[in-house]
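Before any comments, here is the structure.
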Amino acid sequence: SALENWQDWNLNSKQTRLIQIPLADCLLGASEIESARSTLVALLNRSREDEPALEAATRLAALSAENLTAREALLVGLALYHHRSFDQAIPLLEAGLEDPEASSRALRQIDEIDVIYALARSLYWQGEYELAAQSFTTVATRSSVPKETARALFQRGRSYALDGDWDRAVESYREAANADPYGSWAGAAELSRLRLEWRQGREETALQILQHLRSRNSWRSSTERAALFLASSNLVRSRTDGVAEWLELARHTHRRDSPDISYWRGRLAELQDRPEDALDHYLSLMTRDPFHPLAQIAGARLFEGEMKAAARARAQQLAESDQTT
């Protein structure tokens with residue numbers, strides 16, 4: 001065939017991977033199943049995250065799970081997981097993990113913890129939150145790496161939260177933060193715990209978590225998001241207590257007025273019967289980032305209630321000025 005002498009071609013590594021797919025197709029077409037399988041498995045052994053890996057996984061999966069070894073099933077399952085084909089990945093990952101021979105050889109070059117985590121994430125994205133939580137627990141229990149443990153406990157918390165079990169989610173987030181207190185997952189876990197504590201009416205506990213978030217500079221992003229959450233949560237309930245302080249905290253953390261801060265400053269000014277100040281914040285947002293979703297919402301608010309009169313007066317004032325901008 002035209003691909004017979006491909007090894008003599010001057011190809012880079014990416015081109016070499018790409019050409020394996022039509023080569024495997026030729027082998028499959030010639031009923032050389034084992035040669036095709038070897039070619040496709042070799043592709044997945046080297047990488048499971050690029051386009052040739054997805055093509056290889058799709059072709060191997062078409063051979064049916066019964067014709068795949070446990071290791072091949074895991075390779076295909078991991079590739080499908082990386083490419084977000086979660087429904088196809090789940091049975092292959094489960095089949096590979098349940099194989100006693102595969103377990104006895106520690107899945108060879110595949111880290112078992114990574115496989116279980118991939119299965120848990122696949123179940124999560126399929127909405128199987130209770131099963132996902134169980135797999136995340138397995139990862140957290142077996143892993144000896146604090147960062148991996150914290151990640152698994154955080155994802156377990158998300159699974160519990162989406163399953164409606166907020167108390168278990170709060171506890172899982174707490175465990176995640178404690179598992180690796182100086183790691184990258186701790187801030188996110190504390191932020192998630194704050195949100196659930198606040199939404200369940202435990203406001204004092206949530207505010208204590210906010211103070212804890214403020215104690216570390218590395219948690220700046222989580223602190224900003226926590227402050228914005230608290231501010232917006234009160235404003236949508238027509239409460240103004242604490243809002244100005246939280247918005248200032250978010251601005252100090254972000255070091256500028258983000259679209260979110262400008263919008264919620266406007267909402268605060270409206271609740272405090274300061275339509276002119278609200279208009280200033282909304283116009284700042286709308287002129288700086290007119291296609292931002294919150295800019296669109298701010299624009300719509302200019303046609304409502306007291307904002308309508310203030311906006312009309314400002315429009316007349318601007319129309320009569322010499323400022324073309």
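Residue numbering restarts at 1 in every chain; chains get A, B, ... in the order shown in the structure tokens, and ligands count up from 1 in that same order.
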From the DSSP assignment of the backbone, select every residue of range 1-223 of chain A that is alpha helix (DSSP H), and format the answer as a CSV table (one decimal) with N, CA and C atoms, in the first residue's frame.
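Heads up, here's the output in part07.csv:
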```csv
chain,number,residue,atom,x,y,z
A,13,SER,N,7.4,13.7,15.5
A,13,SER,CA,6.7,12.8,16.4
A,13,SER,C,5.1,12.9,16.2
A,14,LYS,N,4.7,14.2,16.0
A,14,LYS,CA,3.2,14.4,15.9
A,14,LYS,C,2.7,13.7,14.6
A,15,GLN,N,3.5,13.9,13.5
A,15,GLN,CA,3.1,13.3,12.2
A,15,GLN,C,3.1,11.8,12.3
A,16,THR,N,4.1,11.3,13.0
A,16,THR,CA,4.2,9.8,13.2
A,16,THR,C,3.0,9.2,13.9
A,17,ARG,N,2.5,9.9,14.9
A,17,ARG,CA,1.3,9.5,15.6
A,17,ARG,C,0.1,9.6,14.7
A,18,LEU,N,0.0,10.6,13.9
A,18,LEU,CA,-1.1,10.8,13.0
A,18,LEU,C,-1.2,9.7,12.0
A,19,ILE,N,-0.1,9.3,11.5
A,19,ILE,CA,-0.1,8.3,10.4
A,19,ILE,C,-0.4,6.9,10.9
A,20,GLN,N,-0.3,6.7,12.2
A,20,GLN,CA,-0.7,5.3,12.7
A,20,GLN,C,-2.1,5.0,12.6
A,21,ILE,N,-3.0,6.0,12.5
A,21,ILE,CA,-4.4,5.8,12.4
A,21,ILE,C,-4.8,5.2,11.0
A,22,PRO,N,-4.4,5.8,9.9
A,22,PRO,CA,-4.7,5.2,8.6
A,22,PRO,C,-4.0,3.9,8.5
A,23,LEU,N,-2.8,3.7,9.1
A,23,LEU,CA,-2.1,2.5,9.0
A,23,LEU,C,-2.9,1.4,9.7
A,24,ALA,N,-3.5,1.7,10.9
A,24,ALA,CA,-4.3,0.7,11.6
A,24,ALA,C,-5.6,0.4,10.8
A,25,ASP,N,-6.1,1.4,10.2
A,25,ASP,CA,-7.3,1.2,9.3
A,25,ASP,C,-7.0,0.2,8.2
A,26,CYS,N,-5.9,0.4,7.6
A,26,CYS,CA,-5.5,-0.6,6.5
A,26,CYS,C,-5.4,-2.0,7.0
A,27,LEU,N,-4.8,-2.1,8.2
A,27,LEU,CA,-4.6,-3.4,8.8
A,27,LEU,C,-6.0,-4.1,9.2
A,28,LEU,N,-6.9,-3.2,9.7
A,28,LEU,CA,-8.2,-3.7,10.0
A,28,LEU,C,-9.0,-4.1,8.7
A,29,GLY,N,-8.8,-3.4,7.7
A,29,GLY,CA,-9.4,-3.7,6.4
A,29,GLY,C,-8.9,-5.0,5.8
A,33,ILE,N,-6.2,-8.2,12.5
A,33,ILE,CA,-6.7,-7.6,13.7
A,33,ILE,C,-5.6,-7.4,14.8
A,34,GLU,N,-4.8,-8.4,15.0
A,34,GLU,CA,-3.8,-8.4,16.0
A,34,GLU,C,-2.7,-7.3,15.7
A,35,SER,N,-2.4,-7.2,14.5
A,35,SER,CA,-1.4,-6.1,14.1
A,35,SER,C,-2.0,-4.7,14.3
A,36,ALA,N,-3.3,-4.6,13.9
A,36,ALA,CA,-3.9,-3.3,14.1
A,36,ALA,C,-4.1,-3.0,15.6
A,37,ARG,N,-4.4,-4.0,16.4
A,37,ARG,CA,-4.5,-3.8,17.8
A,37,ARG,C,-3.2,-3.4,18.4
A,38,SER,N,-2.1,-4.0,18.0
A,38,SER,CA,-0.8,-3.6,18.5
A,38,SER,C,-0.5,-2.2,18.2
A,39,THR,N,-0.8,-1.8,17.0
A,39,THR,CA,-0.5,-0.4,16.6
A,39,THR,C,-1.3,0.6,17.4
A,40,LEU,N,-2.6,0.3,17.6
A,40,LEU,CA,-3.4,1.2,18.4
A,40,LEU,C,-3.1,1.3,19.8
A,41,VAL,N,-2.7,0.1,20.4
A,41,VAL,CA,-2.3,0.0,21.8
A,41,VAL,C,-1.0,0.8,22.0
A,42,ALA,N,-0.1,0.7,21.1
A,42,ALA,CA,1.1,1.4,21.2
A,42,ALA,C,0.9,2.9,21.2
A,43,LEU,N,-0.1,3.4,20.4
A,43,LEU,CA,-0.4,4.8,20.4
A,43,LEU,C,-0.9,5.2,21.8
A,44,LEU,N,-1.8,4.4,22.4
A,44,LEU,CA,-2.3,4.8,23.7
A,44,LEU,C,-1.3,4.6,24.8
A,45,ASN,N,-0.3,3.7,24.7
A,45,ASN,CA,0.8,3.6,25.7
A,45,ASN,C,1.6,4.9,25.8
A,46,ARG,N,1.8,5.6,24.6
A,46,ARG,CA,2.6,6.8,24.6
A,46,ARG,C,1.8,8.0,25.1
A,51,GLU,N,-5.5,13.8,19.6
A,51,GLU,CA,-6.5,13.4,18.7
A,51,GLU,C,-6.2,11.9,18.2
A,52,PRO,N,-5.0,11.6,17.9
A,52,PRO,CA,-4.8,10.2,17.5
A,52,PRO,C,-5.1,9.2,18.6
A,53,ALA,N,-5.0,9.6,19.9
A,53,ALA,CA,-5.3,8.7,21.0
A,53,ALA,C,-6.8,8.5,21.0
A,54,LEU,N,-7.6,9.5,20.8
A,54,LEU,CA,-9.1,9.4,20.7
A,54,LEU,C,-9.5,8.4,19.5
A,55,GLU,N,-8.8,8.6,18.4
A,55,GLU,CA,-9.1,7.8,17.2
A,55,GLU,C,-8.8,6.3,17.5
A,56,ALA,N,-7.6,6.1,18.2
A,56,ALA,CA,-7.2,4.8,18.6
A,56,ALA,C,-8.2,4.1,19.5
A,57,ALA,N,-8.6,4.9,20.5
A,57,ALA,CA,-9.5,4.4,21.6
A,57,ALA,C,-10.8,4.0,20.9
A,58,THR,N,-11.3,4.8,20.0
A,58,THR,CA,-12.6,4.6,19.3
A,58,THR,C,-12.5,3.3,18.6
A,59,ARG,N,-11.4,3.0,17.9
A,59,ARG,CA,-11.3,1.8,17.1
A,59,ARG,C,-11.1,0.6,18.0
A,60,LEU,N,-10.4,0.7,19.0
A,60,LEU,CA,-10.3,-0.4,19.9
A,60,LEU,C,-11.6,-0.7,20.6
A,61,ALA,N,-12.3,0.3,21.0
A,61,ALA,CA,-13.6,0.1,21.7
A,61,ALA,C,-14.6,-0.6,20.7
A,70,ALA,N,-7.6,-6.6,30.1
A,70,ALA,CA,-7.9,-5.6,31.2
A,70,ALA,C,-7.0,-4.3,31.0
A,71,ARG,N,-5.8,-4.5,30.6
A,71,ARG,CA,-4.9,-3.3,30.4
A,71,ARG,C,-5.4,-2.5,29.2
A,72,GLU,N,-5.8,-3.2,28.2
A,72,GLU,CA,-6.3,-2.5,27.0
A,72,GLU,C,-7.6,-1.7,27.3
A,73,ALA,N,-8.4,-2.3,28.1
A,73,ALA,CA,-9.7,-1.7,28.5
A,73,ALA,C,-9.4,-0.4,29.3
A,74,LEU,N,-8.4,-0.5,30.2
A,74,LEU,CA,-8.0,0.7,30.9
A,74,LEU,C,-7.5,1.8,30.1
A,75,LEU,N,-6.6,1.4,29.1
A,75,LEU,CA,-6.0,2.4,28.2
A,75,LEU,C,-7.1,3.1,27.4
A,76,VAL,N,-8.1,2.3,26.9
A,76,VAL,CA,-9.2,2.9,26.1
A,76,VAL,C,-10.1,3.7,27.0
A,77,GLY,N,-10.4,3.2,28.2
A,77,GLY,CA,-11.2,4.0,29.1
A,77,GLY,C,-10.6,5.3,29.5
A,78,LEU,N,-9.3,5.3,29.8
A,78,LEU,CA,-8.6,6.6,30.2
A,78,LEU,C,-8.6,7.6,29.0
A,79,ALA,N,-8.4,7.1,27.8
A,79,ALA,CA,-8.4,8.0,26.6
A,79,ALA,C,-9.8,8.6,26.4
A,80,LEU,N,-10.8,7.7,26.5
A,80,LEU,CA,-12.2,8.3,26.4
A,80,LEU,C,-12.5,9.2,27.5
A,81,TYR,N,-12.0,9.0,28.7
A,81,TYR,CA,-12.3,9.9,29.8
A,81,TYR,C,-11.6,11.3,29.5
A,82,HIS,N,-10.4,11.3,29.0
A,82,HIS,CA,-9.7,12.5,28.7
A,82,HIS,C,-10.4,13.3,27.7
A,86,PHE,N,-17.6,10.2,28.7
A,86,PHE,CA,-17.7,9.6,30.0
A,86,PHE,C,-18.6,8.3,30.0
A,87,ASP,N,-19.7,8.4,29.2
A,87,ASP,CA,-20.5,7.2,29.2
A,87,ASP,C,-19.9,6.0,28.7
A,88,GLN,N,-19.0,6.2,27.7
A,88,GLN,CA,-18.2,5.0,27.1
A,88,GLN,C,-17.1,4.6,28.0
A,89,ALA,N,-16.5,5.6,28.7
A,89,ALA,CA,-15.3,5.3,29.6
A,89,ALA,C,-15.7,4.5,30.8
A,90,ILE,N,-16.8,4.7,31.4
A,90,ILE,CA,-17.2,4.1,32.7
A,90,ILE,C,-17.1,2.6,32.6
A,91,PRO,N,-17.8,1.9,31.7
A,91,PRO,CA,-17.8,0.4,31.8
A,91,PRO,C,-16.4,-0.1,31.5
A,92,LEU,N,-15.6,0.5,30.7
A,92,LEU,CA,-14.2,0.1,30.4
A,92,LEU,C,-13.3,0.2,31.6
A,93,LEU,N,-13.4,1.4,32.3
A,93,LEU,CA,-12.6,1.6,33.5
A,93,LEU,C,-13.0,0.6,34.6
A,94,GLU,N,-14.3,0.4,34.7
A,94,GLU,CA,-14.8,-0.6,35.7
A,94,GLU,C,-14.3,-2.0,35.4
A,95,ALA,N,-14.4,-2.4,34.2
A,95,ALA,CA,-14.0,-3.7,33.8
A,95,ALA,C,-12.5,-3.9,34.1
A,96,GLY,N,-11.7,-2.9,33.7
A,96,GLY,CA,-10.2,-3.0,34.0
A,96,GLY,C,-9.9,-3.1,35.5
A,97,LEU,N,-10.6,-2.3,36.3
A,97,LEU,CA,-10.3,-2.3,37.7
A,97,LEU,C,-10.8,-3.6,38.4
A,98,GLU,N,-11.8,-4.2,37.9
A,98,GLU,CA,-12.4,-5.4,38.5
A,98,GLU,C,-11.6,-6.7,38.1
A,100,PRO,N,-9.0,-9.3,38.3
A,100,PRO,CA,-8.0,-9.7,39.4
A,100,PRO,C,-6.6,-9.8,38.9
A,101,GLU,N,-6.4,-10.2,37.7
A,101,GLU,CA,-5.0,-10.3,37.1
A,101,GLU,C,-4.4,-8.9,37.0
A,102,ALA,N,-5.2,-7.9,36.5
A,102,ALA,CA,-4.7,-6.6,36.4
A,102,ALA,C,-4.4,-6.0,37.8
A,103,SER,N,-5.2,-6.3,38.8
A,103,SER,CA,-4.9,-5.8,40.1
A,103,SER,C,-3.7,-6.4,40.7
A,104,SER,N,-3.4,-7.7,40.4
A,104,SER,CA,-2.3,-8.3,41.0
A,104,SER,C,-1.0,-7.8,40.5
A,112,GLU,N,-3.0,3.0,39.5
A,112,GLU,CA,-4.4,2.6,39.9
A,112,GLU,C,-5.2,3.8,40.4
A,113,ILE,N,-4.5,4.7,41.2
A,113,ILE,CA,-5.2,5.8,41.8
A,113,ILE,C,-5.8,6.7,40.7
A,114,ASP,N,-5.0,6.9,39.6
A,114,ASP,CA,-5.4,7.7,38.5
A,114,ASP,C,-6.6,7.1,37.8
A,115,VAL,N,-6.7,5.8,37.7
A,115,VAL,CA,-7.8,5.1,37.0
A,115,VAL,C,-9.0,5.3,37.9
A,116,ILE,N,-8.9,5.1,39.2
A,116,ILE,CA,-10.1,5.2,40.1
A,116,ILE,C,-10.6,6.7,40.0
A,117,TYR,N,-9.7,7.6,40.0
A,117,TYR,CA,-10.1,9.0,40.0
A,117,TYR,C,-10.8,9.3,38.6
A,118,ALA,N,-10.3,8.8,37.5
A,118,ALA,CA,-10.9,9.0,36.2
A,118,ALA,C,-12.3,8.4,36.2
A,119,LEU,N,-12.5,7.2,36.9
A,119,LEU,CA,-13.8,6.6,37.0
A,119,LEU,C,-14.7,7.5,37.8
A,120,ALA,N,-14.2,8.0,38.9
A,120,ALA,CA,-15.0,8.9,39.8
A,120,ALA,C,-15.5,10.1,39.1
A,121,ARG,N,-14.6,10.8,38.3
A,121,ARG,CA,-14.9,12.0,37.6
A,121,ARG,C,-15.9,11.7,36.5
A,122,SER,N,-15.8,10.5,35.8
A,122,SER,CA,-16.7,10.1,34.8
A,122,SER,C,-18.1,10.0,35.4
A,123,LEU,N,-18.2,9.3,36.5
A,123,LEU,CA,-19.5,9.1,37.2
A,123,LEU,C,-20.1,10.4,37.6
A,124,TYR,N,-19.2,11.3,38.0
A,124,TYR,CA,-19.7,12.7,38.4
A,124,TYR,C,-20.3,13.4,37.3
A,125,TRP,N,-19.6,13.4,36.1
A,125,TRP,CA,-20.1,14.1,35.0
A,125,TRP,C,-21.4,13.5,34.4
A,129,TYR,N,-23.8,10.9,41.3
A,129,TYR,CA,-23.1,11.5,42.4
A,129,TYR,C,-22.7,10.6,43.6
A,130,GLU,N,-23.7,9.8,44.0
A,130,GLU,CA,-23.4,8.9,45.1
A,130,GLU,C,-22.3,7.9,44.7
A,131,LEU,N,-22.4,7.3,43.5
A,131,LEU,CA,-21.3,6.4,43.1
A,131,LEU,C,-20.0,7.1,42.9
A,132,ALA,N,-20.0,8.3,42.4
A,132,ALA,CA,-18.8,9.1,42.3
A,132,ALA,C,-18.2,9.4,43.7
A,133,ALA,N,-19.0,9.7,44.6
A,133,ALA,CA,-18.5,10.0,46.0
A,133,ALA,C,-17.8,8.8,46.6
A,134,GLN,N,-18.4,7.6,46.3
A,134,GLN,CA,-17.7,6.4,46.8
A,134,GLN,C,-16.4,6.2,46.2
A,135,SER,N,-16.2,6.4,44.9
A,135,SER,CA,-14.9,6.3,44.2
A,135,SER,C,-13.9,7.3,44.7
A,136,PHE,N,-14.4,8.6,44.9
A,136,PHE,CA,-13.5,9.6,45.4
A,136,PHE,C,-13.0,9.2,46.8
A,137,THR,N,-13.9,8.6,47.6
A,137,THR,CA,-13.5,8.1,48.9
A,137,THR,C,-12.4,7.1,48.8
A,138,THR,N,-12.5,6.2,47.8
A,138,THR,CA,-11.5,5.2,47.6
A,138,THR,C,-10.1,5.8,47.3
A,139,VAL,N,-10.2,6.8,46.4
A,139,VAL,CA,-8.9,7.5,46.1
A,139,VAL,C,-8.3,8.2,47.3
A,140,ALA,N,-9.1,8.9,48.1
A,140,ALA,CA,-8.6,9.6,49.3
A,140,ALA,C,-8.0,8.6,50.3
A,141,THR,N,-8.7,7.4,50.4
A,141,THR,CA,-8.2,6.4,51.4
A,141,THR,C,-6.9,5.8,50.9
A,142,ARG,N,-6.7,5.5,49.6
A,142,ARG,CA,-5.6,4.8,49.2
A,142,ARG,C,-4.4,5.7,48.9
A,146,PRO,N,-0.7,14.0,49.8
A,146,PRO,CA,-1.6,14.9,50.4
A,146,PRO,C,-2.4,15.7,49.3
A,147,LYS,N,-1.8,16.1,48.3
A,147,LYS,CA,-2.5,16.9,47.2
A,147,LYS,C,-3.5,16.0,46.5
A,148,GLU,N,-3.2,14.7,46.3
A,148,GLU,CA,-4.2,13.8,45.7
A,148,GLU,C,-5.4,13.6,46.6
A,149,THR,N,-5.1,13.4,47.9
A,149,THR,CA,-6.1,13.2,48.9
A,149,THR,C,-7.0,14.4,49.0
A,150,ALA,N,-6.4,15.6,49.0
A,150,ALA,CA,-7.3,16.8,49.1
A,150,ALA,C,-8.1,17.0,47.9
A,151,ARG,N,-7.6,16.7,46.7
A,151,ARG,CA,-8.3,16.8,45.5
A,151,ARG,C,-9.5,15.8,45.5
A,152,ALA,N,-9.3,14.6,45.9
A,152,ALA,CA,-10.4,13.6,45.9
A,152,ALA,C,-11.5,14.0,46.9
A,153,LEU,N,-11.1,14.5,48.1
A,153,LEU,CA,-12.0,14.9,49.1
A,153,LEU,C,-12.8,16.1,48.7
A,154,PHE,N,-12.2,17.0,48.0
A,154,PHE,CA,-12.9,18.2,47.4
A,154,PHE,C,-13.9,17.8,46.4
A,155,GLN,N,-13.5,16.9,45.5
A,155,GLN,CA,-14.5,16.4,44.5
A,155,GLN,C,-15.6,15.6,45.1
A,156,ARG,N,-15.3,14.9,46.2
A,156,ARG,CA,-16.3,14.2,46.9
A,156,ARG,C,-17.4,15.1,47.5
A,157,GLY,N,-16.8,16.3,48.0
A,157,GLY,CA,-17.7,17.3,48.5
A,157,GLY,C,-18.6,17.8,47.5
A,158,ARG,N,-18.1,18.1,46.3
A,158,ARG,CA,-19.0,18.5,45.2
A,158,ARG,C,-20.0,17.5,44.8
A,159,SER,N,-19.7,16.2,44.9
A,159,SER,CA,-20.6,15.2,44.6
A,159,SER,C,-21.8,15.2,45.6
A,160,TYR,N,-21.4,15.3,46.9
A,160,TYR,CA,-22.4,15.3,47.9
A,160,TYR,C,-23.3,16.5,47.8
A,161,ALA,N,-22.7,17.7,47.5
A,161,ALA,CA,-23.5,18.9,47.4
A,161,ALA,C,-24.5,18.8,46.2
A,162,LEU,N,-24.1,18.3,45.1
A,162,LEU,CA,-25.0,18.1,44.0
A,162,LEU,C,-26.0,17.1,44.2
A,166,TRP,N,-25.9,18.4,51.9
A,166,TRP,CA,-25.0,19.5,52.1
A,166,TRP,C,-24.2,19.3,53.4
A,167,ASP,N,-24.7,18.6,54.4
A,167,ASP,CA,-23.9,18.4,55.6
A,167,ASP,C,-22.7,17.5,55.3
A,168,ARG,N,-22.9,16.5,54.6
A,168,ARG,CA,-21.7,15.6,54.2
A,168,ARG,C,-20.8,16.4,53.3
A,169,ALA,N,-21.3,17.2,52.5
A,169,ALA,CA,-20.4,18.0,51.6
A,169,ALA,C,-19.6,19.0,52.4
A,170,VAL,N,-20.2,19.6,53.4
A,170,VAL,CA,-19.4,20.5,54.3
A,170,VAL,C,-18.3,19.8,55.0
A,171,GLU,N,-18.6,18.6,55.5
A,171,GLU,CA,-17.6,17.8,56.2
A,171,GLU,C,-16.5,17.4,55.2
A,172,SER,N,-16.8,17.0,54.0
A,172,SER,CA,-15.8,16.6,53.0
A,172,SER,C,-14.9,17.8,52.6
A,173,TYR,N,-15.5,18.9,52.5
A,173,TYR,CA,-14.7,20.1,52.2
A,173,TYR,C,-13.7,20.4,53.3
A,174,ARG,N,-14.2,20.2,54.6
A,174,ARG,CA,-13.3,20.5,55.7
A,174,ARG,C,-12.2,19.5,55.7
A,175,GLU,N,-12.5,18.2,55.4
A,175,GLU,CA,-11.4,17.2,55.4
A,175,GLU,C,-10.4,17.5,54.3
A,176,ALA,N,-10.9,18.0,53.1
A,176,ALA,CA,-10.0,18.4,52.0
A,176,ALA,C,-9.1,19.5,52.4
A,177,ALA,N,-9.6,20.5,53.1
A,177,ALA,CA,-8.7,21.6,53.5
A,177,ALA,C,-7.7,21.1,54.5
A,178,ASN,N,-8.0,20.2,55.4
A,178,ASN,CA,-7.1,19.7,56.4
A,178,ASN,C,-6.1,18.7,55.9
A,179,ALA,N,-6.5,18.0,54.8
A,179,ALA,CA,-5.6,17.0,54.2
A,179,ALA,C,-4.3,17.6,53.6
A,184,SER,N,-3.0,23.7,47.0
A,184,SER,CA,-3.8,24.5,46.1
A,184,SER,C,-5.3,24.2,46.3
A,185,TRP,N,-5.7,23.0,46.9
A,185,TRP,CA,-7.1,22.7,47.0
A,185,TRP,C,-7.7,23.3,48.3
A,186,ALA,N,-6.9,23.7,49.2
A,186,ALA,CA,-7.4,24.1,50.5
A,186,ALA,C,-8.3,25.4,50.4
A,187,GLY,N,-7.9,26.4,49.7
A,187,GLY,CA,-8.7,27.6,49.5
A,187,GLY,C,-10.0,27.3,48.8
A,188,ALA,N,-10.0,26.5,47.8
A,188,ALA,CA,-11.2,26.2,47.1
A,188,ALA,C,-12.2,25.4,48.0
A,189,ALA,N,-11.6,24.5,48.8
A,189,ALA,CA,-12.5,23.8,49.7
A,189,ALA,C,-13.1,24.7,50.8
A,190,GLU,N,-12.3,25.6,51.3
A,190,GLU,CA,-12.9,26.6,52.3
A,190,GLU,C,-13.9,27.5,51.7
A,191,LEU,N,-13.7,27.9,50.5
A,191,LEU,CA,-14.7,28.7,49.8
A,191,LEU,C,-16.0,27.9,49.6
A,192,SER,N,-15.9,26.7,49.2
A,192,SER,CA,-17.1,25.9,49.0
A,192,SER,C,-17.8,25.6,50.3
A,193,ARG,N,-17.1,25.4,51.3
A,193,ARG,CA,-17.7,25.2,52.7
A,193,ARG,C,-18.4,26.5,53.1
A,194,LEU,N,-17.8,27.6,52.9
A,194,LEU,CA,-18.4,28.9,53.3
A,194,LEU,C,-19.8,29.0,52.6
A,195,ARG,N,-19.8,28.7,51.3
A,195,ARG,CA,-21.1,28.9,50.5
A,195,ARG,C,-22.2,28.0,51.1
A,196,LEU,N,-21.9,26.8,51.4
A,196,LEU,CA,-22.9,25.9,52.0
A,196,LEU,C,-23.3,26.3,53.4
A,197,GLU,N,-22.4,26.7,54.2
A,197,GLU,CA,-22.7,27.1,55.6
A,197,GLU,C,-23.6,28.3,55.5
A,198,TRP,N,-23.3,29.3,54.6
A,198,TRP,CA,-24.1,30.5,54.5
A,198,TRP,C,-25.5,30.1,54.0
A,199,ARG,N,-25.6,29.3,53.0
A,199,ARG,CA,-26.9,29.0,52.4
A,199,ARG,C,-27.8,28.2,53.4
A,203,GLU,N,-24.6,31.7,59.3
A,203,GLU,CA,-23.8,32.9,58.8
A,203,GLU,C,-22.6,33.1,59.7
A,204,GLU,N,-22.6,33.0,61.0
A,204,GLU,CA,-21.5,33.2,61.8
A,204,GLU,C,-20.3,32.3,61.4
A,205,THR,N,-20.6,31.0,61.2
A,205,THR,CA,-19.6,30.1,60.8
A,205,THR,C,-19.0,30.5,59.4
A,206,ALA,N,-19.9,30.9,58.5
A,206,ALA,CA,-19.4,31.3,57.2
A,206,ALA,C,-18.4,32.5,57.3
A,207,LEU,N,-18.8,33.5,58.2
A,207,LEU,CA,-17.9,34.6,58.3
A,207,LEU,C,-16.6,34.3,59.0
A,208,GLN,N,-16.6,33.3,59.8
A,208,GLN,CA,-15.3,32.8,60.4
A,208,GLN,C,-14.5,32.2,59.3
A,209,ILE,N,-15.1,31.5,58.4
A,209,ILE,CA,-14.3,30.9,57.3
A,209,ILE,C,-13.7,32.0,56.4
A,210,LEU,N,-14.5,33.1,56.2
A,210,LEU,CA,-14.0,34.2,55.4
A,210,LEU,C,-12.8,34.8,56.1
A,211,GLN,N,-12.8,35.0,57.4
A,211,GLN,CA,-11.6,35.5,58.1
A,211,GLN,C,-10.4,34.6,57.9
A,212,HIS,N,-10.7,33.3,57.9
A,212,HIS,CA,-9.6,32.3,57.7
A,212,HIS,C,-9.0,32.4,56.3
A,213,LEU,N,-9.9,32.6,55.3
A,213,LEU,CA,-9.5,32.8,53.9
A,213,LEU,C,-8.6,34.0,53.8
A,220,ARG,N,-6.0,34.5,47.8
A,220,ARG,CA,-6.6,35.8,47.3
A,220,ARG,C,-7.8,35.6,46.4
A,221,SER,N,-7.7,34.7,45.4
A,221,SER,CA,-8.8,34.5,44.5
A,221,SER,C,-10.0,33.9,45.2
A,222,SER,N,-9.8,33.0,46.1
A,222,SER,CA,-10.9,32.4,46.9
A,222,SER,C,-11.6,33.4,47.8
A,223,THR,N,-10.7,34.3,48.4
A,223,THR,CA,-11.3,35.4,49.2
A,223,THR,C,-12.1,36.3,48.4
```
Surrounding residues of Ser284 in chain A excluding itself and chain neighbours under 5 positions, 10 Å, only C-alpha atoms, as an MDAnalysis selection string: chainID A and resid 257 259 262:263 266 278:279 289:290 295
Point-to-point distance from CA of Gly201 in chain A to CA of Glu245 in chain A, Å rounded to tenths: 19.9 Å
